[in-house]
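Chemist: Supplied structure: input-v3.csv, CSV, C-alpha atoms and all ligand atoms.
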```
chain,number,residue,atom,x,y,z
A,1,GLN,CA,-7.4,2.6,-3.3
A,2,ASP,CA,-7.0,3.5,-7.0
A,3,ALA,CA,-5.8,6.7,-8.4
A,4,ASP,CA,-8.5,9.1,-9.4
A,5,ALA,CA,-8.5,11.3,-12.5
A,6,SER,CA,-6.7,14.2,-11.0
A,7,ALA,CA,-3.0,15.1,-11.7
A,8,PRO,CA,-0.4,13.1,-9.8
A,9,GLU,CA,0.5,16.1,-7.6
A,10,GLU,CA,-3.2,16.7,-6.7
A,11,TYR,CA,-3.6,13.0,-6.2
A,12,ALA,CA,-0.5,12.9,-4.0
A,13,SER,CA,-1.6,15.6,-1.6
A,14,ALA,CA,-5.3,14.8,-1.6
A,15,VAL,CA,-5.3,11.1,-1.4
A,16,ILE,CA,-2.0,9.8,-0.1
A,17,SER,CA,-3.0,10.7,3.5
A,18,ASP,CA,-6.1,8.4,3.0
A,19,LEU,CA,-4.1,5.4,2.0
A,20,PRO,CA,-3.5,2.7,4.7
A,21,SER,CA,-0.2,3.3,6.3
A,22,ASN,CA,2.6,1.6,8.1
A,23,PRO,CA,4.0,4.7,9.9
A,24,LYS,CA,6.9,2.9,11.5
A,25,LEU,CA,8.3,2.1,8.0
A,26,PHE,CA,7.0,5.3,6.2
A,27,LEU,CA,4.9,3.1,3.9
A,28,ARG,CA,1.5,3.4,2.3
A,29,ARG,CA,-0.6,0.7,0.7
A,30,TYR,CA,-1.2,1.6,-2.9
A,31,GLN,CA,-3.2,-0.8,-5.0
A,32,GLY,CA,-2.5,-3.6,-2.6
A,33,THR,CA,1.2,-3.0,-2.5
A,34,TRP,CA,3.3,-1.4,0.2
A,35,VAL,CA,5.5,1.4,-1.0
A,36,LEU,CA,7.4,4.3,0.4
A,37,GLU,CA,5.1,7.2,0.8
A,38,SER,CA,7.4,9.4,-1.2
A,39,TRP,CA,7.2,7.0,-4.2
A,40,VAL,CA,3.4,7.1,-4.5
A,41,PRO,CA,3.3,10.2,-6.8
A,42,GLY,CA,6.0,8.7,-9.0
A,43,ILE,CA,4.0,5.4,-9.3
A,44,VAL,CA,0.8,7.4,-10.2
A,45,ALA,CA,2.8,9.4,-12.8
A,46,ILE,CA,4.2,6.2,-14.3
A,47,GLN,CA,0.8,4.6,-14.5
A,48,ARG,CA,-0.6,7.7,-16.2
A,49,GLY,CA,2.1,9.0,-18.3
A,50,PHE,CA,5.0,6.6,-19.0
A,51,ALA,CA,5.4,6.1,-22.8
A,52,PRO,CA,7.5,3.0,-23.5
A,53,ARG,CA,9.7,2.8,-26.5
A,54,GLY,CA,10.4,-0.3,-28.5
A,55,GLY,CA,13.4,-2.0,-27.0
A,56,ASP,CA,12.9,-0.7,-23.4
A,57,VAL,CA,14.3,-3.0,-20.7
A,58,ILE,CA,12.8,-2.7,-17.2
A,59,LEU,CA,14.8,-4.2,-14.4
A,60,ALA,CA,12.4,-5.2,-11.6
A,61,SER,CA,13.1,-6.3,-8.1
A,62,PRO,CA,12.0,-6.1,-4.5
A,63,PRO,CA,14.6,-3.8,-2.7
A,64,LYS,CA,17.8,-5.4,-1.4
A,65,CYS,CA,17.6,-8.4,-3.7
A,66,GLY,CA,20.5,-7.6,-6.1
A,67,THR,CA,19.2,-4.6,-8.0
A,68,THR,CA,22.6,-2.9,-8.0
A,69,TRP,CA,24.2,-6.0,-9.4
A,70,LEU,CA,21.5,-6.5,-12.0
A,71,LYS,CA,21.8,-2.9,-13.1
A,72,ALA,CA,25.6,-3.3,-13.6
A,73,LEU,CA,25.2,-6.5,-15.5
A,74,ALA,CA,22.5,-5.3,-17.8
A,75,PHE,CA,24.3,-2.0,-18.4
A,76,ALA,CA,27.6,-3.7,-19.1
A,77,THR,CA,26.0,-6.3,-21.4
A,78,MET,CA,24.0,-3.7,-23.4
A,79,ALA,CA,26.8,-1.1,-23.6
A,80,ARG,CA,29.6,-3.5,-24.5
A,81,GLY,CA,29.8,-2.4,-28.1
A,82,VAL,CA,30.8,1.1,-27.0
A,83,HIS,CA,32.3,0.2,-23.7
A,84,PRO,CA,34.1,-3.1,-23.7
A,85,PRO,CA,33.9,-4.6,-20.2
A,86,ALA,CA,37.6,-5.2,-20.1
A,87,GLY,CA,40.4,-2.8,-21.1
A,88,ASP,CA,38.2,0.4,-21.1
A,89,PRO,CA,39.5,2.7,-18.4
A,90,GLY,CA,36.7,5.1,-19.2
A,91,HIS,CA,33.9,2.5,-18.6
A,92,PRO,CA,31.0,4.2,-16.9
A,93,LEU,CA,30.8,1.5,-14.3
A,94,LEU,CA,34.3,2.4,-13.2
A,95,ARG,CA,33.4,6.1,-12.8
A,96,VAL,CA,29.8,6.1,-11.5
A,97,ASN,CA,27.6,3.9,-9.3
A,98,PRO,CA,25.3,1.5,-11.1
A,99,HIS,CA,22.3,3.4,-9.9
A,100,ASP,CA,23.6,6.4,-11.9
A,101,CYS,CA,23.8,4.2,-15.1
A,102,VAL,CA,20.2,2.9,-14.8
A,103,PRO,CA,17.5,5.3,-13.4
A,104,PHE,CA,15.0,4.2,-10.7
A,105,MET,CA,11.6,5.0,-12.2
A,106,GLU,CA,9.6,5.7,-9.1
A,107,LYS,CA,12.0,8.4,-7.7
A,108,LEU,CA,12.5,9.9,-11.1
A,109,PHE,CA,8.8,10.3,-11.8
A,110,ALA,CA,8.2,11.5,-8.2
A,111,ALA,CA,10.7,14.2,-8.8
A,112,GLY,CA,8.9,15.3,-11.9
A,113,LEU,CA,11.9,14.3,-14.1
A,114,GLY,CA,10.4,11.2,-15.6
A,115,SER,CA,9.7,12.3,-19.1
A,116,LYS,CA,12.7,14.6,-19.3
A,117,VAL,CA,15.3,12.1,-18.3
A,118,MET,CA,13.7,9.1,-20.0
A,119,ASP,CA,13.2,10.9,-23.3
A,120,ALA,CA,16.9,11.9,-23.3
A,121,LEU,CA,18.1,8.3,-22.9
A,122,PRO,CA,19.3,6.6,-26.1
A,123,SER,CA,17.5,3.4,-27.2
A,124,PRO,CA,17.4,0.8,-26.1
A,125,ARG,CA,16.7,2.3,-22.7
A,126,LEU,CA,17.4,0.6,-19.4
A,127,MET,CA,15.4,1.5,-16.3
A,128,ALA,CA,14.6,0.0,-12.9
A,129,THR,CA,11.6,-0.3,-10.7
A,130,HIS,CA,10.5,-1.9,-7.4
A,131,MET,CA,6.8,-1.9,-8.5
A,132,HIS,CA,4.8,-5.0,-8.3
A,133,HIS,CA,3.9,-6.6,-11.7
A,134,SER,CA,0.2,-5.9,-10.9
A,135,VAL,CA,1.0,-2.1,-10.6
A,136,LEU,CA,3.0,-1.7,-13.8
A,137,PRO,CA,1.1,0.1,-16.5
A,138,ALA,CA,-0.4,-1.9,-19.3
A,139,SER,CA,1.8,0.1,-21.7
A,140,ILE,CA,4.7,-1.9,-20.3
A,141,LYS,CA,3.1,-5.2,-19.5
A,142,LYS,CA,1.2,-5.6,-22.8
A,143,ASN,CA,4.0,-4.3,-24.9
A,144,PRO,CA,5.8,-7.2,-26.8
A,145,ASP,CA,8.7,-4.7,-27.4
A,146,CYS,CA,9.4,-4.1,-23.7
A,147,LYS,CA,11.4,-6.6,-21.8
A,148,ILE,CA,11.4,-7.1,-18.1
A,149,VAL,CA,14.3,-8.7,-16.1
A,150,TYR,CA,13.3,-9.7,-12.6
A,151,ILE,CA,15.5,-10.6,-9.7
A,152,CYS,CA,14.5,-12.0,-6.3
A,153,ARG,CA,16.3,-13.4,-3.3
A,154,ASP,CA,15.7,-15.5,-0.2
A,155,PRO,CA,13.4,-13.2,1.9
A,156,LYS,CA,15.6,-13.9,5.0
A,157,ASP,CA,18.6,-12.4,3.3
A,158,MET,CA,16.5,-9.7,1.8
A,159,LEU,CA,15.2,-8.6,5.2
A,160,VAL,CA,18.6,-8.7,6.9
A,161,SER,CA,20.0,-6.7,4.0
A,162,MET,CA,17.2,-4.2,4.3
A,163,TRP,CA,17.6,-3.9,8.0
A,164,GLN,CA,21.4,-3.2,7.8
A,165,PHE,CA,20.7,-0.7,5.0
A,166,SER,CA,17.9,1.1,6.9
A,167,ARG,CA,19.8,1.2,10.1
A,168,ARG,CA,22.1,3.7,8.5
A,169,ILE,CA,19.4,6.3,8.9
A,170,ARG,CA,17.1,4.5,11.4
A,171,PRO,CA,19.4,3.1,14.1
A,172,ASP,CA,16.3,2.4,16.2
A,173,LEU,CA,14.9,-0.1,13.7
A,174,GLU,CA,14.9,-3.7,14.9
A,175,LEU,CA,15.1,-6.7,12.7
A,176,SER,CA,12.0,-8.0,14.4
A,177,ASP,CA,10.0,-4.9,13.2
A,178,LEU,CA,10.9,-5.9,9.6
A,179,LEU,CA,10.1,-9.5,10.2
A,180,GLU,CA,6.6,-8.7,11.6
A,181,ALA,CA,5.9,-6.5,8.6
A,182,ALA,CA,7.2,-9.1,6.1
A,183,CYS,CA,5.1,-11.8,7.7
A,184,ASP,CA,1.9,-9.8,7.5
A,185,GLY,CA,2.8,-8.5,4.0
A,186,SER,CA,3.3,-4.8,5.0
A,187,CYS,CA,7.1,-4.5,4.6
A,188,LEU,CA,8.6,-2.3,1.8
A,189,SER,CA,7.5,-3.7,-1.5
A,190,GLY,CA,5.3,-6.2,0.3
A,191,PRO,CA,3.6,-8.5,0.2
A,192,ILE,CA,6.8,-10.2,-0.8
A,193,TRP,CA,4.9,-13.3,-2.1
A,194,ASP,CA,2.7,-11.1,-4.4
A,195,HIS,CA,5.8,-9.3,-5.7
A,196,VAL,CA,7.5,-12.5,-6.6
A,197,LEU,CA,4.5,-14.4,-7.9
A,198,GLY,CA,3.4,-11.5,-10.1
A,199,TYR,CA,6.7,-11.7,-12.1
A,200,TRP,CA,7.0,-15.5,-11.7
A,201,ASN,CA,3.6,-16.0,-13.3
A,202,ALA,CA,4.4,-13.4,-16.0
A,203,SER,CA,7.6,-15.2,-16.9
A,204,LYS,CA,5.8,-18.5,-17.3
A,205,VAL,CA,3.1,-16.9,-19.5
A,206,SER,CA,5.6,-14.8,-21.5
A,207,PRO,CA,9.2,-16.1,-21.2
A,208,GLU,CA,10.2,-14.0,-24.2
A,209,THR,CA,9.4,-10.7,-22.4
A,210,VAL,CA,9.9,-11.6,-18.7
A,211,LEU,CA,13.2,-13.2,-17.5
A,212,PHE,CA,13.1,-14.4,-13.9
A,213,LEU,CA,16.4,-14.6,-12.1
A,214,ARG,CA,17.4,-15.5,-8.5
A,215,TYR,CA,20.2,-13.9,-6.6
A,216,GLU,CA,21.5,-17.2,-5.2
A,217,GLU,CA,21.6,-18.8,-8.6
A,218,MET,CA,23.5,-15.8,-10.0
A,219,LEU,CA,26.1,-16.1,-7.2
A,220,GLN,CA,26.5,-19.8,-7.9
A,221,ASP,CA,27.0,-19.4,-11.7
A,222,PRO,CA,27.4,-15.8,-12.7
A,223,VAL,CA,28.8,-16.4,-16.2
A,224,SER,CA,25.9,-18.7,-17.3
A,225,ASN,CA,23.5,-16.0,-16.0
A,226,VAL,CA,25.3,-13.3,-17.9
A,227,VAL,CA,25.0,-15.5,-21.1
A,228,LYS,CA,21.3,-16.0,-20.3
A,229,LEU,CA,20.7,-12.3,-19.8
A,230,SER,CA,22.5,-11.4,-23.0
A,231,ARG,CA,20.4,-13.8,-25.0
A,232,PHE,CA,17.2,-12.6,-23.4
A,233,LEU,CA,18.1,-9.0,-24.1
A,234,GLY,CA,18.6,-9.9,-27.8
A,235,ARG,CA,22.4,-9.3,-27.5
A,236,PRO,CA,23.8,-12.8,-27.5
A,237,PHE,CA,27.6,-13.1,-27.3
A,238,SER,CA,29.0,-13.7,-30.8
A,239,PRO,CA,31.4,-16.7,-31.4
A,240,ALA,CA,34.2,-14.2,-31.4
A,241,GLU,CA,33.1,-12.8,-28.1
A,242,GLU,CA,32.7,-16.3,-26.7
A,243,GLU,CA,36.2,-17.1,-27.8
A,244,ALA,CA,37.4,-13.8,-26.1
A,245,GLY,CA,35.6,-14.6,-22.9
A,246,VAL,CA,33.5,-11.4,-22.9
A,247,ALA,CA,30.8,-12.9,-20.7
A,248,MET,CA,33.5,-13.5,-18.1
A,249,ASP,CA,34.7,-9.9,-18.5
A,250,VAL,CA,31.2,-8.6,-17.8
A,251,MET,CA,31.0,-10.9,-14.8
A,252,ARG,CA,34.3,-9.6,-13.5
A,253,LEU,CA,33.5,-5.9,-14.0
A,254,CYS,CA,30.2,-6.3,-12.2
A,255,SER,CA,31.5,-8.5,-9.4
A,256,PHE,CA,30.9,-7.5,-5.8
A,257,GLU,CA,34.6,-7.3,-5.1
A,258,LYS,CA,35.4,-5.2,-8.2
A,259,LEU,CA,32.5,-2.7,-7.7
A,260,LYS,CA,32.9,-2.4,-3.9
A,261,ASP,CA,36.5,-1.5,-4.2
A,262,LEU,CA,36.1,1.3,-6.8
A,263,GLU,CA,36.8,4.8,-5.5
A,264,VAL,CA,33.4,6.0,-6.6
A,265,ASN,CA,31.6,3.2,-4.6
A,266,LYS,CA,33.9,3.6,-1.5
A,267,ALA,CA,33.7,7.3,-1.2
A,268,GLY,CA,30.9,8.6,-3.5
A,269,SER,CA,27.4,9.6,-2.7
A,270,GLY,CA,24.4,10.9,-4.5
A,271,SER,CA,24.4,11.2,-8.3
A,272,GLY,CA,27.5,11.2,-10.5
A,273,SER,CA,25.2,11.6,-13.5
A,274,PRO,CA,24.2,15.2,-14.4
A,275,SER,CA,20.8,14.0,-15.7
A,276,LEU,CA,20.0,12.4,-12.4
A,277,ARG,CA,21.1,15.3,-10.3
A,278,GLY,CA,18.4,16.1,-7.8
A,279,VAL,CA,17.1,12.5,-7.8
A,280,ARG,CA,19.9,10.7,-6.1
A,281,GLU,CA,21.1,13.6,-3.9
A,282,GLY,CA,20.4,12.9,-0.3
A,283,ALA,CA,20.3,9.2,-1.0
A,284,PHE,CA,22.4,6.6,0.7
A,285,VAL,CA,26.1,6.8,0.2
A,286,ASN,CA,27.3,4.5,-2.6
A,287,SER,CA,29.1,2.2,-0.3
A,288,SER,CA,25.8,1.3,1.4
A,289,TYR,CA,24.9,-0.7,-1.7
A,290,PHE,CA,27.8,-3.1,-1.2
A,291,ARG,CA,27.7,-4.9,2.1
A,292,ARG,CA,28.5,-8.6,2.1
A,293,GLY,CA,27.1,-9.9,-1.2
A,294,GLU,CA,26.5,-13.4,0.0
A,295,ALA,CA,23.8,-15.9,0.4
A,296,GLY,CA,22.9,-17.0,3.9
A,297,ASP,CA,24.1,-14.0,6.0
A,298,TRP,CA,20.6,-14.2,7.6
A,299,ALA,CA,22.0,-16.9,9.9
A,300,ASN,CA,24.3,-14.3,11.6
A,301,HIS,CA,21.3,-12.1,12.5
A,302,MET,CA,18.1,-14.1,12.8
A,303,THR,CA,17.3,-16.6,15.5
A,304,PRO,CA,16.3,-20.0,14.2
A,305,GLU,CA,12.8,-19.2,15.4
A,306,MET,CA,12.6,-16.0,13.3
A,307,ALA,CA,13.9,-17.9,10.3
A,308,ARG,CA,11.4,-20.7,10.7
A,309,ARG,CA,8.5,-18.3,11.0
A,310,LEU,CA,9.4,-16.4,7.9
A,311,ASP,CA,10.0,-19.7,5.9
A,312,ALA,CA,6.7,-21.0,7.1
A,313,VAL,CA,4.8,-17.9,6.0
A,314,MET,CA,6.5,-18.0,2.6
A,315,GLU,CA,5.9,-21.7,2.2
A,316,GLU,CA,2.2,-21.3,2.9
A,317,ARG,CA,1.9,-18.3,0.5
A,318,PHE,CA,3.7,-20.0,-2.3
A,319,CYS,CA,2.0,-23.4,-1.8
A,320,GLY,CA,0.6,-24.6,-5.2
A,321,SER,CA,2.2,-21.8,-7.2
A,322,GLY,CA,5.0,-23.8,-8.6
A,323,PHE,CA,7.5,-21.4,-7.0
A,324,SER,CA,9.5,-21.9,-3.8
A,325,PHE,CA,12.6,-20.3,-2.4
B,1,LIG,P1,23.8,-7.7,1.4
B,1,LIG,O1,23.3,-6.6,2.2
B,1,LIG,O2,23.3,-9.0,1.8
B,1,LIG,O3,25.3,-7.8,1.3
B,1,LIG,P2,20.1,-4.0,-3.8
B,1,LIG,O4,21.1,-3.7,-4.9
B,1,LIG,O5,18.8,-4.5,-4.4
B,1,LIG,O6,19.9,-2.8,-2.9
B,1,LIG,O7,20.6,-5.2,-3.0
B,1,LIG,C1,21.7,-5.0,-2.2
B,1,LIG,C2,22.4,-6.4,-1.9
B,1,LIG,O8,23.1,-6.8,-3.0
B,1,LIG,C3,23.4,-6.3,-0.8
B,1,LIG,O9,23.3,-7.5,-0.1
B,1,LIG,C4,24.6,-6.0,-1.5
B,1,LIG,O10,25.8,-6.3,-0.8
B,1,LIG,C5,24.4,-7.0,-2.7
B,1,LIG,N1,25.3,-6.6,-3.9
B,1,LIG,C6,25.5,-5.4,-4.3
B,1,LIG,N2,26.3,-5.5,-5.4
B,1,LIG,C7,26.5,-6.8,-5.7
B,1,LIG,C8,27.3,-7.5,-6.6
B,1,LIG,N3,28.0,-6.9,-7.6
B,1,LIG,N4,27.3,-8.8,-6.6
B,1,LIG,C9,26.6,-9.5,-5.6
B,1,LIG,N5,25.9,-8.9,-4.6
B,1,LIG,C10,25.9,-7.5,-4.7
```
Take the structure in the file and write it out as structure tokens.

Modeler:
Amino acid sequence: QDADASAPEEYASAVISDLPSNPKLFLRRYQGTWVLESWVPGIVAIQRGFAPRGGDVILASPPKCGTTWLKALAFATMARGVHPPAGDPGHPLLRVNPHDCVPFMEKLFAAGLGSKVMDALPSPRLMATHMHHSVLPASIKKNPDCKIVYICRDPKDMLVSMWQFSRRIRPDLELSDLLEAACDGSCLSGPIWDHVLGYWNASKVSPETVLFLRYEEMLQDPVSNVVKLSRFLGRPFSPAEEEAGVAMDVMRLCSFEKLKDLEVNKAGSGSGSPSLRGVREGAFVNSSYFRRGEAGDWANHMTPEMARRLDAVMEERFCGSGFSF
């Protein structure tokens, strides 16, 4: 069901309750995509009122697919002129969680802070979303001056990661509940296949504005992916930076081990950024974003039958698309 012409708040109260729901997961289906009910007003506000600026970079992902890592990498890459990734004890990533360096659009706009916070960010701005490509406003999708970096991950690891994350506040949640929802498309940010294919196809049509990354490939060769990211963002490493190993420095600063062991990520919670205060409060503690950081942990939690089932659904859905996990 589409947004009508009323203001987001009116839309929220009047229409959200009519959207199809997955009550167990607190989700609503908005324009064919399953999102947290509390994000719907934010998505509507983004669709109606987000004004992109030339140079904007949107980091897009389904949840639990490496968003935190991508935020850190993109931030460290873009900010390296002011904050060298090595030898800067005041580097923001050493002081605050990556989610406080790159705002999450749906929550920001749902909190009514979208324009205020976004307008105050210096260009080029970095922001993140879990929205499907189909739901992004045309002002982003059709803008040759906006770039999108997408990251996805084996859905088996995504689900296990989501399950472990959600169990912090929903101890009753079973992995089988998430599996059911993922297979019928109604998990958070589902259908997963539509989420991935939207960005996959966009990256094929417009590789200069959409970069498609995979978590597993990043784990295998993080430095090459940092180099790829820097080129895509129009900030390639200079010969002097190459000589000095700056891509390696970015990779090290943003590595799972480094970020996980920082005091702010071991003990912190909510927002360490004044402009995001009120948006990340009450969110998960910072340590919850750093669990194992590996590929293949699904095998420790899913039965072979569960894995086969999810793989089969994905294979069927991706058949003929040119994409496979
Ligand atoms: P696991 O739960 O499998 O360990 P998101 O950032 O989208 O919420 O995704 C979280 C997943 O990314 C978690 O996976 C988390 O451990 C992993 N992760 C977080 N930071 C990372 C990093 N710097 N490098 C690699 N993986 C990271």

Chemist: Can you work out which one of A:Leu262, A:Met302, A:Val44, A:Leu253 has the shortest atom-to-atom distance to Pro137 of chain A, counting all atoms listed in the file?

Modeler: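 Checking each of A:Leu262, A:Met302, A:Val44, A:Leu253 against Pro137 of chain A, counting all atoms listed in the file, the winner is A:Val44.
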
Chemist: Nearest residue to ligand LIG 1 (chain B) out of A:Gly185, A:Pro41, A:Gly296, A:Pro171, using all atoms listed in the file?

Modeler: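 Of A:Gly185, A:Pro41, A:Gly296, A:Pro171, the one nearest ligand LIG 1 (chain B), counting all atoms listed in the file, is A:Gly296.
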
Chemist: Using all atoms listed in the file, which protein or nucleic acid residues are at most 9 Å from ligand LIG 1 (chain B), as an NGL selection string?

Modeler: :A and (61-73 or 99 or 151-152 or 157-165 or 215 or 218-219 or 251 or 253-260 or 288-298)

Chemist: Would you please work out which residue, of A:Ser324, A:Ser269, A:Thr33, A:Ser230, is nearest to Val246 of chain A when using only C-alpha atoms?

Modeler: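 Using only C-alpha atoms, Val246 of chain A sits closest to A:Ser230.
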
Chemist: Applying 9 Å and only C-alpha atoms, which residues near Leu136 of chain A remain after dropping the ones on its own chain fewer than 4 positions away? List them as a PDB file with C-alpha atoms, in the coordinates of the input.

Modeler:
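Below you can see selection_0.pdb, which holds the result:
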```
ATOM      1  CA  ILE A  43       4.000   5.400  -9.300  1.00  0.00           C
ATOM      2  CA  ILE A  46       4.200   6.200 -14.300  1.00  0.00           C
ATOM      3  CA  GLN A  47       0.800   4.600 -14.500  1.00  0.00           C
ATOM      4  CA  MET A 131       6.800  -1.900  -8.500  1.00  0.00           C
ATOM      5  CA  HIS A 132       4.800  -5.000  -8.300  1.00  0.00           C
ATOM      6  CA  ILE A 140       4.700  -1.900 -20.300  1.00  0.00           C
ATOM      7  CA  LYS A 141       3.100  -5.200 -19.500  1.00  0.00           C
TER       8      LYS A 141
END
```

Chemist: Considering only C-alpha atoms, can you say which of A:Thr209, A:Ala247, A:Asn286, A:Ser238 comes closest to Pro222 of chain A?

Modeler: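 Going through A:Thr209, A:Ala247, A:Asn286, A:Ser238 one by one, the smallest distance to Pro222 of chain A is for A:Ala247.
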
Chemist: Excluding segment 18-30 of chain A and residues on its chain fewer than 3 positions from it, collect all residues at most 9 Å away from it, counting only C-alpha atoms, and give them as a PDB file with C-alpha atoms, in the frame of the given file.

Modeler:
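What follows is the written file part-v2.pdb:
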```pdb
ATOM      1  CA  GLN A   1      -7.400   2.600  -3.300  1.00  0.00           C
ATOM      2  CA  ASP A   2      -7.000   3.500  -7.000  1.00  0.00           C
ATOM      3  CA  ALA A   3      -5.800   6.700  -8.400  1.00  0.00           C
ATOM      4  CA  ALA A  14      -5.300  14.800  -1.600  1.00  0.00           C
ATOM      5  CA  VAL A  15      -5.300  11.100  -1.400  1.00  0.00           C
ATOM      6  CA  THR A  33       1.200  -3.000  -2.500  1.00  0.00           C
ATOM      7  CA  TRP A  34       3.300  -1.400   0.200  1.00  0.00           C
ATOM      8  CA  VAL A  35       5.500   1.400  -1.000  1.00  0.00           C
ATOM      9  CA  LEU A  36       7.400   4.300   0.400  1.00  0.00           C
ATOM     10  CA  GLU A  37       5.100   7.200   0.800  1.00  0.00           C
ATOM     11  CA  SER A  38       7.400   9.400  -1.200  1.00  0.00           C
ATOM     12  CA  VAL A  40       3.400   7.100  -4.500  1.00  0.00           C
ATOM     13  CA  VAL A 135       1.000  -2.100 -10.600  1.00  0.00           C
ATOM     14  CA  LEU A 173      14.900  -0.100  13.700  1.00  0.00           C
ATOM     15  CA  ASP A 177      10.000  -4.900  13.200  1.00  0.00           C
ATOM     16  CA  LEU A 178      10.900  -5.900   9.600  1.00  0.00           C
ATOM     17  CA  ALA A 181       5.900  -6.500   8.600  1.00  0.00           C
ATOM     18  CA  SER A 186       3.300  -4.800   5.000  1.00  0.00           C
ATOM     19  CA  CYS A 187       7.100  -4.500   4.600  1.00  0.00           C
ATOM     20  CA  LEU A 188       8.600  -2.300   1.800  1.00  0.00           C
TER      21      LEU A 188
END
```

Chemist: As an exercise, work out the distance from atom CA of Gly245 of chain A to atom CA of Ala86 of chain A in Å and give it to one decimal place.

Modeler: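 Rounded to one decimal, the two atoms are 10.0 Å apart.
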
Chemist: To one decimal place, how far is atom CA of Tyr150 of chain A from atom CA of Ala267 of chain A in Å?

Modeler: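 We find that atom CA of Tyr150 of chain A and atom CA of Ala267 of chain A lie 28.9 Å from each other.
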
Chemist: So how many Å separate atom CA of Val210 of chain A and atom CA of Ser224 of chain A, to one decimal?

Modeler: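 Atom CA of Ser224 of chain A lies at a distance of 17.6 Å from atom CA of Val210 of chain A.
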
Chemist: Residues at most 10 Å from Arg80 of chain A, counting only C-alpha atoms, excluding those fewer than 4 positions away in the same chain, as an MDAnalysis selection string?

Modeler: chainID A and resid 74:76 84:86 91 235 246 250

Chemist: Mind writing the picked residues with C-alpha atoms as a PDB file, in the frame of the given file?

Modeler:
```pdb
ATOM      1  CA  ALA A  74      22.500  -5.300 -17.800  1.00  0.00           C
ATOM      2  CA  PHE A  75      24.300  -2.000 -18.400  1.00  0.00           C
ATOM      3  CA  ALA A  76      27.600  -3.700 -19.100  1.00  0.00           C
ATOM      4  CA  PRO A  84      34.100  -3.100 -23.700  1.00  0.00           C
ATOM      5  CA  PRO A  85      33.900  -4.600 -20.200  1.00  0.00           C
ATOM      6  CA  ALA A  86      37.600  -5.200 -20.100  1.00  0.00           C
ATOM      7  CA  HIS A  91      33.900   2.500 -18.600  1.00  0.00           C
ATOM      8  CA  ARG A 235      22.400  -9.300 -27.500  1.00  0.00           C
ATOM      9  CA  VAL A 246      33.500 -11.400 -22.900  1.00  0.00           C
ATOM     10  CA  VAL A 250      31.200  -8.600 -17.800  1.00  0.00           C
TER      11      VAL A 250
END
```

Chemist: Rank nothing, just name the residue among A:His130, A:Arg95, A:Arg231, A:Arg48 nearest to Lys107 of chain A, using all atoms listed in the file.

Modeler: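 Ranking A:His130, A:Arg95, A:Arg231, A:Arg48 by distance to Lys107 of chain A, first place goes to A:His130.
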
Chemist: Using only C-alpha atoms, which of A:Ser189, A:Ser115, A:Ser206, A:Ser17 sits nearest Ala60 of chain A?

Modeler: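 Closest residue, counting only C-alpha atoms: A:Ser189.
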
Chemist: Tell me, as a list in words, which residues lie within 12 Å of Asp119 of chain A, counting only C-alpha atoms; anything in the same chain fewer than 4 positions away does not count.

Modeler: Phe50, Ala51, Pro52, Arg53, Asp56, Leu113, Gly114, Ser115, Ser123, Pro124, Arg125, Leu126, Met127 and Ser275 of chain A

Chemist: For the point (12.5, -17.8, -4.4) in the file's frame, write as a VMD selection string all residues with an atom no more than 9 Å away, counting only C-alpha atoms.

Modeler: chain A and resid 152 to 155 196 214 to 215 323 to 325

Chemist: Could you list, as an MDAnalysis selection string, every residue within 7 Å of His133 of chain A, counting all atoms listed in the file and ignoring same-chain residues fewer than 3 positions away?

Modeler: chainID A and resid 136 195 198:199
